[in-house]
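Novice: Before we start, here is the structure in question, set down as structure tokens.
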Amino acid sequence: MAGSIRLEIVTPEKTVVSEDVQIVMAPGVLGEFGVLIGHTPFLTALKTGVVRYSDSRGGEHMVFVSGGFAEALPQKVTILAESAERRRDIDVERARAALERAQKRLAEQRSKEEFDFVRAQTALQRALIRLRIAENRPMH
């Protein structure tokens, strides 16, 4: 199906993406999904991961997203993310520091009472994904 679909990626602080695109691929909680123009409407929660899309000229783009929701309509995809960053906006040094902190926390867990495993694991996942996007490495 030829044509473009509007992609909006917004956080509580700003609009990260607002453009017409050919296709959107996003990390739904039940698995990655793709949306083209004319898609059946649906709403889903997102997991931390990468939104990939092709712009109207076929250029490939990646945006880091951390949680949130996606709404697909026949003419528009809206992603409401807790946080989102385009590849060019990722601070690699900050992501590396976050990765090191998360790895250290996981390695030094002392007792279950004073250690939040889920929080440390989530921080590790966020840092790894941000670095992979920034360094243009495969996600798997």
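Residue names in the structure tokens use chain letters A, B, ... in the order shown, residue numbers from 1 in each chain, and ligand numbers from 1 in the order shown.
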As a list in words, please: the residues near region 32-44 of chain A (cut-off 8 Å, only C-alpha atoms, same-chain neighbours under 2 positions excluded).

Specialist: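 Listing them by chain and then by number gives Met1, Ala2, Gly3, Ser4, Ile5, Gln22, Ile23, Val24, Met25, Ala26, Pro27, Gly28, Val29, Leu30, Leu46, Phe69, Ala70, Glu71, Ala72, Leu73, Pro74, Gln75, Lys76 and Val77 of chain A.
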
Novice: Okay, now the selection with N, CA and C atoms, as a PDB file, in the first residue's frame?

Specialist:
ATOM      1  N   MET A   1       0.850  -1.175   0.000  1.00  0.00           N
ATOM      2  CA  MET A   1       0.000   0.000   0.000  1.00  0.00           C
ATOM      3  C   MET A   1       0.894   1.237   0.000  1.00  0.00           C
ATOM      4  N   ALA A   2       0.790   2.073  -0.998  1.00  0.00           N
ATOM      5  CA  ALA A   2       1.602   3.278  -1.109  1.00  0.00           C
ATOM      6  C   ALA A   2       1.019   4.379  -0.240  1.00  0.00           C
ATOM      7  N   GLY A   3       1.871   5.308   0.158  1.00  0.00           N
ATOM      8  CA  GLY A   3       1.417   6.442   0.952  1.00  0.00           C
ATOM      9  C   GLY A   3       2.187   6.538   2.239  1.00  0.00           C
ATOM     10  N   SER A   4       1.941   7.611   2.958  1.00  0.00           N
ATOM     11  CA  SER A   4       2.658   7.812   4.212  1.00  0.00           C
ATOM     12  C   SER A   4       1.682   7.891   5.370  1.00  0.00           C
ATOM     13  N   ILE A   5       2.210   7.653   6.537  1.00  0.00           N
ATOM     14  CA  ILE A   5       1.450   7.683   7.777  1.00  0.00           C
ATOM     15  C   ILE A   5       2.146   8.677   8.702  1.00  0.00           C
ATOM     16  N   GLN A  22       6.971   6.109   6.066  1.00  0.00           N
ATOM     17  CA  GLN A  22       6.462   4.989   5.282  1.00  0.00           C
ATOM     18  C   GLN A  22       6.008   3.835   6.169  1.00  0.00           C
ATOM     19  N   ILE A  23       6.799   3.539   7.208  1.00  0.00           N
ATOM     20  CA  ILE A  23       6.513   2.409   8.101  1.00  0.00           C
ATOM     21  C   ILE A  23       7.061   2.717   9.487  1.00  0.00           C
ATOM     22  N   VAL A  24       6.382   2.168  10.500  1.00  0.00           N
ATOM     23  CA  VAL A  24       6.811   2.306  11.892  1.00  0.00           C
ATOM     24  C   VAL A  24       6.909   0.906  12.485  1.00  0.00           C
ATOM     25  N   MET A  25       8.027   0.622  13.155  1.00  0.00           N
ATOM     26  CA  MET A  25       8.208  -0.634  13.897  1.00  0.00           C
ATOM     27  C   MET A  25       8.462  -0.243  15.350  1.00  0.00           C
ATOM     28  N   ALA A  26       7.722  -0.850  16.288  1.00  0.00           N
ATOM     29  CA  ALA A  26       7.827  -0.454  17.685  1.00  0.00           C
ATOM     30  C   ALA A  26       7.814  -1.672  18.606  1.00  0.00           C
ATOM     31  N   PRO A  27       8.387  -1.506  19.823  1.00  0.00           N
ATOM     32  CA  PRO A  27       8.499  -2.613  20.778  1.00  0.00           C
ATOM     33  C   PRO A  27       7.282  -2.755  21.694  1.00  0.00           C
ATOM     34  N   GLY A  28       6.244  -3.420  21.239  1.00  0.00           N
ATOM     35  CA  GLY A  28       5.077  -3.662  22.081  1.00  0.00           C
ATOM     36  C   GLY A  28       5.407  -4.658  23.185  1.00  0.00           C
ATOM     37  N   VAL A  29       4.631  -4.636  24.253  1.00  0.00           N
ATOM     38  CA  VAL A  29       4.890  -5.562  25.365  1.00  0.00           C
ATOM     39  C   VAL A  29       4.709  -7.018  24.949  1.00  0.00           C
ATOM     40  N   LEU A  30       3.913  -7.266  23.905  1.00  0.00           N
ATOM     41  CA  LEU A  30       3.708  -8.634  23.428  1.00  0.00           C
ATOM     42  C   LEU A  30       4.591  -8.967  22.228  1.00  0.00           C
ATOM     43  N   LEU A  46       3.973  -0.236  25.553  1.00  0.00           N
ATOM     44  CA  LEU A  46       5.312  -0.426  24.996  1.00  0.00           C
ATOM     45  C   LEU A  46       6.272  -0.877  26.079  1.00  0.00           C
ATOM     46  N   PHE A  69       2.882   4.056  25.694  1.00  0.00           N
ATOM     47  CA  PHE A  69       1.800   3.453  24.923  1.00  0.00           C
ATOM     48  C   PHE A  69       1.896   3.885  23.468  1.00  0.00           C
ATOM     49  N   ALA A  70       1.345   3.056  22.585  1.00  0.00           N
ATOM     50  CA  ALA A  70       1.265   3.387  21.165  1.00  0.00           C
ATOM     51  C   ALA A  70      -0.179   3.219  20.723  1.00  0.00           C
ATOM     52  N   GLU A  71      -0.633   4.180  19.930  1.00  0.00           N
ATOM     53  CA  GLU A  71      -1.957   4.098  19.311  1.00  0.00           C
ATOM     54  C   GLU A  71      -1.747   4.121  17.806  1.00  0.00           C
ATOM     55  N   ALA A  72      -2.244   3.104  17.141  1.00  0.00           N
ATOM     56  CA  ALA A  72      -2.183   3.048  15.683  1.00  0.00           C
ATOM     57  C   ALA A  72      -3.574   3.308  15.127  1.00  0.00           C
ATOM     58  N   LEU A  73      -3.624   4.238  14.203  1.00  0.00           N
ATOM     59  CA  LEU A  73      -4.845   4.545  13.466  1.00  0.00           C
ATOM     60  C   LEU A  73      -4.523   4.409  11.988  1.00  0.00           C
ATOM     61  N   PRO A  74      -5.514   4.374  11.111  1.00  0.00           N
ATOM     62  CA  PRO A  74      -5.221   4.184   9.689  1.00  0.00           C
ATOM     63  C   PRO A  74      -4.274   5.232   9.083  1.00  0.00           C
ATOM     64  N   GLN A  75      -4.287   6.458   9.614  1.00  0.00           N
ATOM     65  CA  GLN A  75      -3.466   7.533   9.054  1.00  0.00           C
ATOM     66  C   GLN A  75      -2.379   8.040   9.996  1.00  0.00           C
ATOM     67  N   LYS A  76      -2.297   7.489  11.240  1.00  0.00           N
ATOM     68  CA  LYS A  76      -1.387   8.073  12.230  1.00  0.00           C
ATOM     69  C   LYS A  76      -0.981   7.060  13.298  1.00  0.00           C
ATOM     70  N   VAL A  77       0.268   7.160  13.738  1.00  0.00           N
ATOM     71  CA  VAL A  77       0.760   6.397  14.890  1.00  0.00           C
ATOM     72  C   VAL A  77       1.216   7.418  15.928  1.00  0.00           C
TER      73      VAL A  77
END

Novice: Give the alpha helix (DSSP H) residues of chain A, as DSSP finds them on the backbone, and put them as a ChimeraX atom specification.

Specialist: /A:92-107,117-134

Novice: List the neighbours of region 91-99 of chain A out to 12 Å using only C-alpha atoms; skip same-chain residues closer than 2 positions along the sequence, and give me the result as an MDAnalysis selection string.

Specialist: chainID A and resid 64 85:89 101:106 120:136

Novice: From the list A:Ala45, A:Ile9, A:Val21, A:Ala84, which residue is nearest Gly58 (chain A) when using only C-alpha atoms?

Specialist: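 Looking at the shortest contact to Gly58 (chain A), the residue is A:Val21.
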
Novice: For the strand (DSSP E) assignment from backbone DSSP, which residues of region 72-112 of chain A qualify? Please present them as a ChimeraX atom specification.

Specialist: /A:72,76-86

Novice: Interatomic distance between CA of Thr11 (chain A) and CA of Glu60 (chain A)?

Specialist: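 Those two atoms sit 21.4 Å apart.
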
Novice: For Val16 (chain A), which of A:Ala107, A:Val63, A:Ile90, A:Val118 is the closest residue, counting only C-alpha atoms?

Specialist: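 Looking at the shortest contact to Val16 (chain A), the residue is A:Val63.
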
Novice: Could you check how far CA of Glu19 (chain A) sits from CA of Val50 (chain A), in Å to one decimal?

Specialist: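 If I compute the distance from CA of Glu19 (chain A) to CA of Val50 (chain A), I get 17.1 Å.
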